[in-house]
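input.txt (compact mmCIF, C-alpha atoms and all ligand atoms) appears below.
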```txt
# COMPACT_ATOMS: atom_id res chain seq x y z
CA MET A 277 -20.65 -29.26 -1.99
CA LYS A 278 -19.23 -26.56 0.29
CA PHE A 279 -19.39 -22.99 -1.03
CA TYR A 280 -15.59 -22.66 -1.18
CA GLU A 281 -15.32 -25.87 -3.21
CA MET A 282 -17.58 -24.57 -5.96
CA SER A 283 -16.33 -22.92 -9.11
CA VAL A 284 -17.19 -19.24 -9.53
CA GLU A 285 -20.04 -20.12 -11.91
CA GLU A 286 -21.39 -22.72 -9.48
CA ARG A 287 -21.33 -20.14 -6.66
CA LEU A 288 -23.22 -17.65 -8.82
CA LYS A 289 -25.82 -20.26 -9.76
CA PHE A 290 -26.24 -21.23 -6.10
CA LEU A 291 -26.79 -17.58 -5.12
CA ARG A 292 -29.11 -16.93 -8.05
CA ASP A 293 -31.32 -19.86 -7.05
CA LYS A 294 -31.24 -19.08 -3.33
CA TYR A 295 -31.93 -15.35 -3.56
CA SER A 296 -33.81 -15.14 -6.89
CA LEU A 297 -31.15 -12.88 -8.38
CA THR A 298 -31.93 -11.64 -11.89
CA ASP A 299 -29.68 -12.22 -14.92
CA GLU A 300 -28.80 -8.51 -14.81
CA GLU A 301 -27.73 -8.81 -11.19
CA ILE A 302 -25.60 -11.87 -11.90
CA ASP A 303 -24.00 -10.05 -14.86
CA ALA A 304 -23.35 -7.01 -12.69
CA ILE A 305 -21.63 -9.15 -10.04
CA ARG A 306 -19.56 -10.86 -12.75
CA ASN A 307 -18.33 -7.67 -14.38
CA GLY A 308 -18.26 -5.19 -11.51
CA GLY A 309 -21.53 -3.46 -12.27
CA LEU A 310 -20.55 0.10 -13.08
CA ASP A 311 -20.30 1.63 -16.52
CA ILE A 312 -18.50 4.90 -17.19
CA ASP A 313 -21.79 6.83 -17.43
CA LYS A 314 -22.80 5.78 -13.94
CA ALA A 315 -19.26 6.41 -12.65
CA ASN A 316 -19.36 9.86 -14.22
CA HIS A 317 -22.48 10.64 -12.22
CA MET A 318 -20.92 9.42 -9.00
CA VAL A 319 -17.64 11.37 -8.97
CA GLU A 320 -16.11 14.31 -10.74
CA ASN A 321 -13.58 14.12 -13.57
CA ALA A 322 -14.28 10.38 -13.93
CA ILE A 323 -11.94 8.46 -16.19
CA GLY A 324 -12.85 4.83 -15.44
CA MET A 325 -13.40 2.28 -12.69
CA ILE A 326 -11.21 0.15 -10.44
CA SER A 327 -12.37 -3.29 -9.32
CA PHE A 328 -12.12 -5.09 -5.98
CA PRO A 329 -12.89 -8.80 -5.53
CA LEU A 330 -16.30 -9.63 -4.06
CA GLY A 331 -16.57 -12.81 -1.98
CA ILE A 332 -19.01 -14.44 0.41
CA ALA A 333 -18.34 -15.28 4.06
CA THR A 334 -20.16 -18.41 5.18
CA ASN A 335 -21.23 -20.04 8.48
CA PHE A 336 -22.66 -16.91 10.11
CA PHE A 337 -25.58 -17.72 12.40
CA ILE A 338 -26.73 -14.49 14.03
CA ASN A 339 -29.73 -14.11 16.36
CA GLY A 340 -31.07 -17.44 15.06
CA LYS A 341 -30.79 -16.50 11.36
CA GLU A 342 -28.38 -17.87 8.74
CA TYR A 343 -26.45 -15.28 6.72
CA LEU A 344 -24.22 -15.38 3.68
CA ILE A 345 -22.20 -12.20 3.92
CA PRO A 346 -20.85 -10.31 0.89
CA MET A 347 -17.37 -8.93 1.55
CA SER A 348 -15.16 -6.92 -0.77
CA ILE A 349 -11.48 -6.47 0.03
CA GLU A 350 -8.11 -6.65 -1.70
CA GLU A 351 -6.50 -8.70 1.10
CA PRO A 352 -6.42 -12.52 0.86
CA SER A 353 -7.51 -14.74 3.78
CA VAL A 354 -9.92 -12.23 5.34
CA ILE A 355 -13.08 -13.89 4.03
CA ALA A 356 -11.83 -17.41 4.81
CA ALA A 357 -10.81 -16.31 8.30
CA ALA A 358 -14.23 -14.77 9.06
CA SER A 359 -15.98 -17.93 7.79
CA LYS A 360 -13.73 -20.18 9.87
CA ALA A 361 -14.28 -18.18 13.05
CA ALA A 362 -18.05 -18.01 12.45
CA LYS A 363 -18.08 -21.81 12.24
CA LEU A 364 -16.40 -22.05 15.67
CA THR A 365 -19.25 -20.07 17.26
CA ARG A 366 -22.02 -22.33 15.93
CA ARG A 367 -21.79 -25.11 18.50
CA LEU A 368 -22.93 -22.73 21.25
CA GLY A 369 -25.53 -20.84 19.23
CA GLY A 370 -23.64 -18.45 16.93
CA PHE A 371 -23.74 -14.70 17.50
CA LYS A 372 -26.12 -12.69 19.64
CA SER A 373 -26.16 -9.19 18.29
CA ASN A 374 -28.11 -5.95 18.53
CA SER A 375 -27.84 -2.27 17.74
CA ASP A 376 -29.31 1.00 18.97
CA GLU A 377 -32.08 2.90 17.25
CA PRO A 378 -30.50 4.79 14.31
CA TYR A 379 -30.02 8.20 15.96
CA MET A 380 -27.40 10.55 14.60
CA ILE A 381 -26.19 13.97 15.69
CA GLY A 382 -26.08 17.12 13.55
CA GLN A 383 -23.97 20.01 14.85
CA ILE A 384 -24.52 23.74 14.34
CA GLN A 385 -21.70 26.02 15.47
CA ILE A 386 -22.59 29.58 16.51
CA ILE A 387 -19.88 32.21 17.04
CA ASN A 388 -19.72 35.95 17.81
CA LEU A 389 -22.02 35.65 20.83
CA LYS A 390 -21.89 38.16 23.69
CA ASP A 391 -23.62 35.78 26.09
CA PRO A 392 -23.54 32.15 24.85
CA LEU A 393 -25.62 30.86 27.79
CA ASP A 394 -28.38 33.37 27.13
CA ALA A 395 -28.26 32.47 23.42
CA ALA A 396 -28.59 28.79 24.35
CA LYS A 397 -31.70 29.54 26.45
CA ARG A 398 -33.28 31.33 23.52
CA VAL A 399 -32.51 28.37 21.27
CA LEU A 400 -34.17 26.03 23.77
CA ASP A 401 -37.25 28.31 23.87
CA THR A 402 -37.45 28.00 20.07
CA LYS A 403 -36.87 24.23 20.07
CA ASP A 404 -40.25 23.22 18.59
CA ALA A 405 -39.96 25.67 15.70
CA ILE A 406 -36.38 24.56 14.97
CA LEU A 407 -37.39 20.88 14.97
CA ASP A 408 -40.37 21.69 12.71
CA ILE A 409 -38.08 23.34 10.15
CA ALA A 410 -35.67 20.38 10.30
CA ASN A 411 -38.50 17.89 9.85
CA SER A 412 -39.97 19.82 6.90
CA LYS A 413 -36.91 18.60 4.96
CA SER A 414 -37.89 14.92 4.89
CA GLN A 415 -41.44 13.80 4.25
CA THR A 416 -40.19 10.19 4.26
CA LEU A 417 -38.79 10.39 7.79
CA LYS A 418 -41.91 12.29 8.91
CA ARG A 419 -44.13 9.52 7.56
CA LEU A 420 -42.04 6.98 9.48
CA ASN A 421 -42.41 9.05 12.65
CA ALA A 422 -38.63 9.54 12.53
CA GLY A 423 -36.53 12.67 11.77
CA ALA A 424 -35.30 15.36 14.17
CA LYS A 425 -36.42 14.35 17.65
CA ASP A 426 -34.58 16.55 20.07
CA LEU A 427 -32.16 19.40 20.44
CA SER A 428 -29.42 20.03 22.98
CA TYR A 429 -26.48 22.38 23.29
CA LYS A 430 -22.99 22.70 24.66
CA ILE A 431 -20.83 25.75 25.17
CA ILE A 432 -17.19 25.33 24.15
CA ASP A 433 -14.99 28.32 24.82
CA SER A 434 -17.31 31.19 23.75
CA MET A 435 -18.98 29.12 21.02
CA LEU A 436 -22.46 27.69 21.25
CA ILE A 437 -22.86 24.26 19.64
CA VAL A 438 -26.45 23.24 19.01
CA GLU A 439 -26.93 19.51 18.40
CA LEU A 440 -29.91 17.99 16.63
CA LEU A 441 -30.70 14.39 17.49
CA ILE A 442 -32.09 12.81 14.32
CA ASP A 443 -33.64 9.39 13.79
CA VAL A 444 -32.47 8.54 10.25
CA ARG A 445 -34.08 5.07 10.13
CA ASP A 446 -32.55 2.94 7.35
CA ALA A 447 -30.25 5.58 5.85
CA MET A 448 -26.67 6.24 6.90
CA GLY A 449 -28.10 9.73 7.19
CA ALA A 450 -25.33 12.17 6.22
CA ASN A 451 -27.35 13.92 3.50
CA ILE A 452 -30.53 14.48 5.44
CA ILE A 453 -28.65 15.51 8.60
CA ASN A 454 -26.61 18.11 6.70
CA THR A 455 -29.76 19.36 4.95
CA MET A 456 -31.55 19.74 8.28
CA CYS A 457 -28.59 21.52 9.89
CA GLU A 458 -28.41 23.99 7.00
CA ALA A 459 -32.17 24.53 7.06
CA VAL A 460 -32.37 25.49 10.76
CA ALA A 461 -29.32 27.81 10.66
CA PRO A 462 -31.18 31.07 9.71
CA LEU A 463 -33.66 30.73 12.60
CA ILE A 464 -30.82 29.93 15.00
CA GLU A 465 -28.95 33.04 13.83
CA GLU A 466 -32.10 35.10 14.30
CA VAL A 467 -32.78 33.97 17.87
CA THR A 468 -29.14 34.04 19.04
CA GLY A 469 -27.94 37.17 17.22
CA GLY A 470 -24.72 35.25 16.50
CA LYS A 471 -23.21 33.89 13.33
CA VAL A 472 -23.71 30.26 12.32
CA LEU A 473 -20.50 28.77 10.96
CA LEU A 474 -20.46 24.97 10.53
CA ARG A 475 -23.63 22.96 9.87
CA ILE A 476 -22.67 19.32 9.62
CA LEU A 477 -23.32 15.83 10.99
CA SER A 478 -21.02 14.32 13.59
CA ASN A 479 -19.49 11.07 12.37
CA TYR A 480 -18.91 10.11 15.99
CA SER A 481 -22.20 8.21 16.02
CA THR A 482 -22.29 7.23 19.69
CA SER A 483 -26.07 6.98 19.69
CA ARG A 484 -25.82 4.25 17.08
CA ILE A 485 -23.83 1.54 18.84
CA ALA A 486 -23.83 -2.06 17.57
CA ARG A 487 -22.93 -4.99 19.81
CA ALA A 488 -22.25 -8.67 19.23
CA GLU A 489 -21.18 -11.55 21.39
CA ALA A 490 -20.39 -15.21 20.89
CA LYS A 491 -19.38 -18.16 23.00
CA ILE A 492 -16.88 -20.73 21.73
CA SER A 493 -16.95 -24.11 23.39
CA LYS A 494 -13.92 -25.26 25.37
CA ASP A 495 -14.28 -28.57 23.49
CA GLU A 496 -13.85 -26.73 20.20
CA LEU A 497 -10.57 -24.98 21.01
CA GLY A 498 -9.12 -26.59 24.14
CA GLU A 499 -8.09 -24.86 27.33
CA GLU A 500 -4.59 -23.88 26.23
CA VAL A 501 -5.72 -22.19 23.02
CA ILE A 502 -8.43 -20.29 24.89
CA ASP A 503 -5.84 -19.05 27.38
CA ASN A 504 -3.57 -18.05 24.49
CA ILE A 505 -6.39 -16.05 22.91
CA ILE A 506 -7.08 -14.25 26.18
CA ASN A 507 -3.39 -13.47 26.61
CA ALA A 508 -3.23 -12.17 23.05
CA TYR A 509 -6.20 -9.92 23.88
CA ARG A 510 -4.49 -8.71 27.09
CA PHE A 511 -1.56 -7.59 24.95
CA ALA A 512 -3.94 -5.34 22.97
CA ILE A 513 -5.50 -4.00 26.17
CA LEU A 514 -2.13 -3.04 27.58
CA ASP A 515 -0.23 -1.81 24.53
CA LYS A 516 -1.41 0.74 21.97
CA TYR A 517 1.01 -0.54 19.33
CA ARG A 518 -0.71 -3.92 19.51
CA ALA A 519 -4.22 -2.44 19.98
CA VAL A 520 -4.07 -0.58 16.67
CA THR A 521 -3.17 -3.78 14.79
CA HIS A 522 -5.78 -5.76 16.73
CA ASN A 523 -8.48 -3.21 15.80
CA LYS A 524 -7.21 -3.06 12.23
CA GLY A 525 -7.94 -6.79 11.99
CA ILE A 526 -11.48 -6.19 13.27
CA MET A 527 -11.94 -3.47 10.66
CA ASN A 528 -10.74 -5.89 7.93
CA GLY A 529 -14.09 -7.63 8.32
CA ILE A 530 -16.29 -4.62 8.97
CA ILE A 531 -14.88 -2.58 6.10
CA ALA A 532 -15.05 -5.54 3.70
CA VAL A 533 -18.81 -5.74 4.34
CA ALA A 534 -19.01 -1.94 4.09
CA ASN A 535 -17.25 -2.07 0.70
CA ALA A 536 -19.57 -4.76 -0.65
CA LEU A 537 -22.52 -2.52 0.27
CA MET A 538 -20.83 0.79 -0.66
CA GLN A 539 -21.13 2.23 2.82
CA ASP A 540 -19.16 5.28 3.95
CA SER A 541 -16.15 3.29 5.18
CA ARG A 542 -14.25 6.43 6.23
CA ALA A 543 -17.08 7.40 8.57
CA ILE A 544 -17.13 3.88 10.02
CA GLU A 545 -13.34 3.84 10.57
CA ALA A 546 -13.24 7.34 12.08
CA ALA A 547 -16.04 6.55 14.55
CA ALA A 548 -14.64 3.13 15.45
CA HIS A 549 -11.20 4.45 16.34
CA ALA A 550 -12.60 7.43 18.27
CA TYR A 551 -14.73 4.94 20.22
CA ALA A 552 -11.72 2.71 20.81
CA CYS A 553 -10.10 5.81 22.31
CA ARG A 554 -12.92 6.80 24.68
CA ASN A 555 -10.95 5.68 27.76
CA GLY A 556 -7.50 5.76 26.17
CA TYR A 557 -6.95 3.78 22.95
CA SER A 558 -7.77 0.10 23.46
CA SER A 559 -9.40 -3.00 22.00
CA LEU A 560 -12.88 -2.79 20.46
CA THR A 561 -13.43 -6.37 21.59
CA ASP A 562 -13.39 -8.07 24.95
CA TRP A 563 -12.40 -11.73 25.55
CA SER A 564 -12.93 -13.75 28.72
CA LYS A 565 -13.88 -17.23 29.98
CA ASP A 566 -17.15 -18.34 31.54
CA GLU A 567 -17.32 -20.60 34.61
CA ASP A 568 -17.15 -23.70 32.35
CA GLY A 569 -13.99 -22.48 30.64
CA ASN A 570 -15.70 -21.57 27.33
CA LEU A 571 -14.37 -18.53 25.51
CA ILE A 572 -16.64 -15.47 25.43
CA GLY A 573 -16.08 -12.66 22.93
CA LYS A 574 -17.83 -9.30 22.82
CA ILE A 575 -17.60 -6.29 20.55
CA GLU A 576 -19.16 -2.85 20.77
CA LEU A 577 -18.68 0.03 18.33
CA PRO A 578 -20.59 2.82 16.59
CA LEU A 579 -21.86 1.76 13.16
CA ALA A 580 -23.56 4.37 11.00
CA VAL A 581 -24.68 2.26 8.05
CA GLY A 582 -27.67 2.32 5.73
CA THR A 583 -29.73 0.03 3.55
CA ILE A 584 -31.15 2.90 1.48
CA GLY A 585 -29.74 6.06 -0.07
CA GLY A 586 -26.37 7.08 -1.48
CA ALA A 587 -24.58 4.66 -3.81
CA ILE A 588 -26.87 1.85 -2.62
CA ASN A 589 -29.61 3.02 -4.97
CA ILE A 590 -27.25 3.45 -7.92
CA HIS A 591 -24.88 0.50 -7.90
CA PRO A 592 -26.31 -2.79 -9.24
CA VAL A 593 -23.78 -4.96 -7.36
CA VAL A 594 -24.74 -3.30 -4.10
CA LYS A 595 -28.39 -4.07 -4.80
CA ALA A 596 -27.47 -7.72 -5.42
CA SER A 597 -25.25 -7.83 -2.32
CA LEU A 598 -28.12 -6.51 -0.22
CA LYS A 599 -30.41 -9.21 -1.59
CA ILE A 600 -27.83 -11.85 -0.64
CA LEU A 601 -27.26 -10.42 2.84
CA ASN A 602 -31.03 -10.31 3.26
CA VAL A 603 -31.19 -7.67 6.00
CA ASN A 604 -34.36 -5.68 6.58
CA SER A 605 -33.04 -2.56 8.26
CA SER A 606 -29.95 -0.49 8.96
CA LYS A 607 -30.11 -1.84 12.54
CA GLU A 608 -29.90 -5.43 11.31
CA LEU A 609 -27.03 -4.52 8.98
CA ALA A 610 -25.11 -2.93 11.88
CA ALA A 611 -25.70 -6.01 14.03
CA VAL A 612 -24.38 -8.28 11.26
CA MET A 613 -21.32 -6.09 10.73
CA ALA A 614 -20.50 -6.14 14.45
CA SER A 615 -20.66 -9.95 14.34
CA VAL A 616 -18.28 -10.02 11.38
CA GLY A 617 -15.86 -7.75 13.27
CA LEU A 618 -15.92 -10.09 16.25
CA ALA A 619 -15.40 -13.15 14.03
CA GLN A 620 -12.48 -11.46 12.27
CA ASN A 621 -10.82 -10.69 15.60
CA LEU A 622 -11.33 -14.27 16.83
CA ALA A 623 -9.76 -15.64 13.65
CA ALA A 624 -6.75 -13.32 13.97
CA LEU A 625 -6.17 -14.02 17.69
CA LEU A 626 -6.55 -17.75 17.11
CA ALA A 627 -4.09 -17.84 14.21
CA LEU A 628 -1.60 -15.46 15.83
CA SER A 629 -1.55 -17.27 19.15
CA THR A 630 -1.13 -20.72 17.56
CA THR A 631 0.50 -21.28 14.15
CA GLY A 632 0.87 -17.62 13.07
CA ILE A 633 -1.03 -16.17 10.13
CA GLN A 634 1.38 -16.93 7.31
CA LYS A 635 0.78 -20.68 7.19
CA GLY A 636 -2.99 -20.36 6.71
CA HIS A 637 -2.40 -17.56 4.28
CA MET A 638 -0.11 -19.69 2.08
CA LYS A 639 -2.50 -22.67 2.29
CA MET A 640 -5.31 -20.41 1.09
CA HIS A 641 -3.11 -19.11 -1.68
CA ALA A 642 -2.27 -22.69 -2.73
CA ARG A 643 -5.99 -23.56 -2.89
CA ASN A 644 -6.68 -20.55 -5.08
CA ILE A 645 -3.82 -21.44 -7.40
CA ALA A 646 -5.01 -25.07 -7.61
CA MET A 647 -8.51 -23.89 -8.54
CA LEU A 648 -7.13 -21.39 -11.03
CA ALA A 649 -5.20 -24.27 -12.64
CA GLY A 650 -8.51 -26.11 -13.10
CA ALA A 651 -8.67 -28.41 -10.05
CA ARG A 652 -12.20 -29.22 -8.86
CA GLY A 653 -13.70 -31.28 -6.02
CA SER A 654 -11.21 -33.50 -4.19
CA LEU A 655 -8.44 -32.49 -6.62
CA ILE A 656 -8.37 -29.03 -5.02
CA ASP A 657 -7.15 -30.45 -1.71
CA LEU A 658 -4.72 -32.83 -3.40
CA VAL A 659 -3.08 -30.32 -5.73
CA SER A 660 -2.98 -27.48 -3.21
CA LYS A 661 -1.41 -29.78 -0.60
CA MET A 662 1.26 -30.86 -3.09
CA ILE A 663 2.27 -27.37 -4.22
CA TYR A 664 2.15 -26.14 -0.61
CA GLU A 665 4.37 -28.95 0.66
CA GLU A 666 6.76 -28.61 -2.28
CA ASN A 667 6.93 -24.89 -1.46
CA ASN A 668 6.26 -24.25 -5.14
CA ILE A 669 2.89 -22.46 -5.17
CA THR A 670 2.83 -21.57 -8.85
CA LEU A 671 0.21 -21.89 -11.56
CA ALA A 672 2.69 -23.74 -13.79
CA ARG A 673 3.38 -26.41 -11.15
CA ALA A 674 -0.32 -26.82 -10.30
CA LYS A 675 -1.13 -27.29 -14.02
CA GLU A 676 1.70 -29.80 -14.39
CA ILE A 677 0.43 -31.87 -11.44
CA LEU A 678 -3.11 -31.81 -12.82
CA ALA A 679 -1.89 -32.90 -16.28
CA ASN A 680 0.02 -35.81 -14.74
CA LEU A 681 -3.06 -36.89 -12.79
CA LYS A 682 -5.19 -37.10 -15.94
C1 LIG A 701 -3.94 -8.45 9.08
O1 LIG A 701 -4.57 -7.73 8.05
C2 LIG A 701 -4.72 -8.34 10.38
C3 LIG A 701 -3.98 -8.88 11.62
O2 LIG A 701 -2.71 -8.25 11.72
C4 LIG A 701 -4.85 -8.53 12.80
C5 LIG A 701 -4.19 -8.79 14.13
O3 LIG A 701 -2.95 -8.76 14.22
O4 LIG A 701 -4.95 -8.99 15.09
C6 LIG A 701 -3.75 -10.36 11.52
```

I need this file expressed as structure tokens, please.
Ligand code: MEV
Amino acid sequence: MKFYEMSVEERLKFLRDKYSLTDEEIDAIRNGGLDIDKANHMVENAIGMISFPLGIATNFFINGKEYLIPMSIEEPSVIAAASKAAKLTRRLGGFKSNSDEPYMIGQIQIINLKDPLDAAKRVLDTKDAILDIANSKSQTLKRLNAGAKDLSYKIIDSMLIVELLIDVRDAMGANIINTMCEAVAPLIEEVTGGKVLLRILSNYSTSRIARAEAKISKDELGEEVIDNIINAYRFAILDKYRAVTHNKGIMNGIIAVANALMQDSRAIEAAAHAYACRNGYSSLTDWSKDEDGNLIGKIELPLAVGTIGGAINIHPVVKASLKILNVNSSKELAAVMASVGLAQNLAALLALSTTGIQKGHMKMHARNIAMLAGARGSLIDLVSKMIYEENNITLARAKEILANLK
């Protein structure tokens, strides 16, 4: 049986067996996972929790590995669309994806300098000592031969900005970067004679780029549809009003995975849109044809994500989601998320340039209503088709049809 044809309990059983999930993990997925005590430790003035649906995108074959991808989002059709697009890529090998080593930048701003260039030279002369202080803040990164690796500077106006380049390995990194920046500030003040103001990571994580590409066979889509997709893409390249919506669709997928794994989605969004803007705001993806007329899609964006630290260690559903996703590093997670972004864009361009998105959306809705009314197996298709064609997608009508069929 296909994953989407299973009942919720059947899906949970399938995942439990496949990924050896514990009863506690299954319970956490079923009920959202947080209790008020945990919530109270996560944010201030806690009063409760708010739930989002958690679903699984299927059909993803990335760098020769099968993935089931947890996605959490309030918007219908996103998970189905990603799964559908991922299926289209399989005939020609799925996604090829990679990501940079997990280097992040920490910025230290120094003001009140008489001679910023001279101050910069003195900082460079003290580089080893500054890096030593930074690295004293994480024994874990030290053990992994990671941590603060280099230091550079820029002068903006009369300010000196010192930048630490930090290998954060499998963490998103914000905490350790900020800790390191704060730790080195006194020595930087001492050697420059200036005043250190801000000590904070940069969320513009351009040293942490993830890329994915996929080829979709001409036989799968046909020449006309491929040309339509490329023309839809050209619209985004040439018009910012379209580009923002186009990129929003990409972020539907990326942020849904980020939500399921409690990543810092604001950091991901901010970096993605700044990157989309590096040569004037444009598409994060690129679509073209190869010499045989197959469609080729590519995506490239910064992705600062982690498989350890932050809410990941606290939230039981995140732990279960990570088991299901089965990634071994922050690099692999970024590569998977880039593939999901590309799939999401393909699904949107395909739907928009053919039937429009509303039809698929309503069909999906009809399926959900049919299942909610109790339809299983082949009855799902039958009942959802009937309520869709009658233009009466209601629980009452779906139940009535099911009762009559019994
Ligand atoms: C809807 O959430 C996303 C789309 O608008 C994306 C797009 O237009 O490319 C369908």

Output the neighbourhood of ligand LIG 701 (chain A) as JSON, numbers by chain, that is, all protein and nucleic acid residues with some atom at most 9 Å from the ligand, counting all atoms listed in the file. {"A": [351, 352, 353, 354, 508, 509, 512, 518, 519, 520, 521, 522, 523, 524, 525, 526, 527, 528, 620, 621, 622, 623, 624, 625, 627, 628, 632, 633]}

Shortest interatomic distance to Gly569 (chain A) - which of A:Ile506, A:Ala552, A:Leu427, A:Met347, counting only C-alpha atoms: A:Ile506

Write out as a PyMOL selection string the residues lying within 9 Å of Cys457 (chain A), counting all atoms listed in the file and excluding same-chain residues fewer than 5 positions away. chain A and resi 382-384+410+439-440+452+474-477

What's the 8 Å shell around region 669-671 of chain A, counting all atoms listed in the file, without same-chain residues fewer than 2 positions away, as a list of chain:residue names? A:His641, A:Ala642, A:Ile645, A:Ala646, A:Leu648, A:Ala649, A:Ser660, A:Ile663, A:Tyr664, A:Glu666, A:Asn667, A:Arg673, A:Ala674, A:Lys675

Can you pull out every residue within 12 Å of Met277 (chain A), counting all atoms listed in the file, but drop anything in the same chain fewer than 5 positions away, and send it as a VMD selection string? chain A and resid 282 to 283 286 to 287 290 652 to 654

So how far away is CA of Gly369 (chain A) from CA of Ala580 (chain A), in Å?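 About the pair CA of Ala580 (chain A) and CA of Gly369 (chain A): they are 26.6 Å apart.
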
Using all atoms listed in the file, pick whichever of A:Ser629, A:Ser327, A:Ser605, A:Asn479 has the shortest atom-to-atom distance to Ile505 (chain A). A:Ser629

Skip Glu608 (chain A) itself and residues of its chain fewer than 5 positions away, then list as a PyMOL selection string all residues within 8 Å of it, counting all atoms listed in the file. chain A and resi 374-375+603

All residues 12 Å or closer to Ile572 (chain A), all atoms listed in the file, same chain fewer than 2 positions away omitted, as a PyMOL selection string: chain A and resi 364-365+368+370-372+488-494+502-503+505-506+509+561-570+574-575+618-619+622

Local residues around (-19.8, -4.2, 17.7), at most 7 Å away, using all atoms listed in the file, as a ChimeraX atom specification: /A:486-488,575-577,614-615,617

Using all atoms listed in the file, the best pick from A:Thr482, A:Ser558, A:Asn680, A:Ser541 as closest to Ser348 (chain A) would be A:Ser541

My list of candidates is A:Ile349, A:Ile464, A:Met448, A:Leu497. Which is closest to Gln539 (chain A) when distances are computed with only C-alpha atoms?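 The shortest atom-to-atom distance to Gln539 (chain A) comes from A:Met448.
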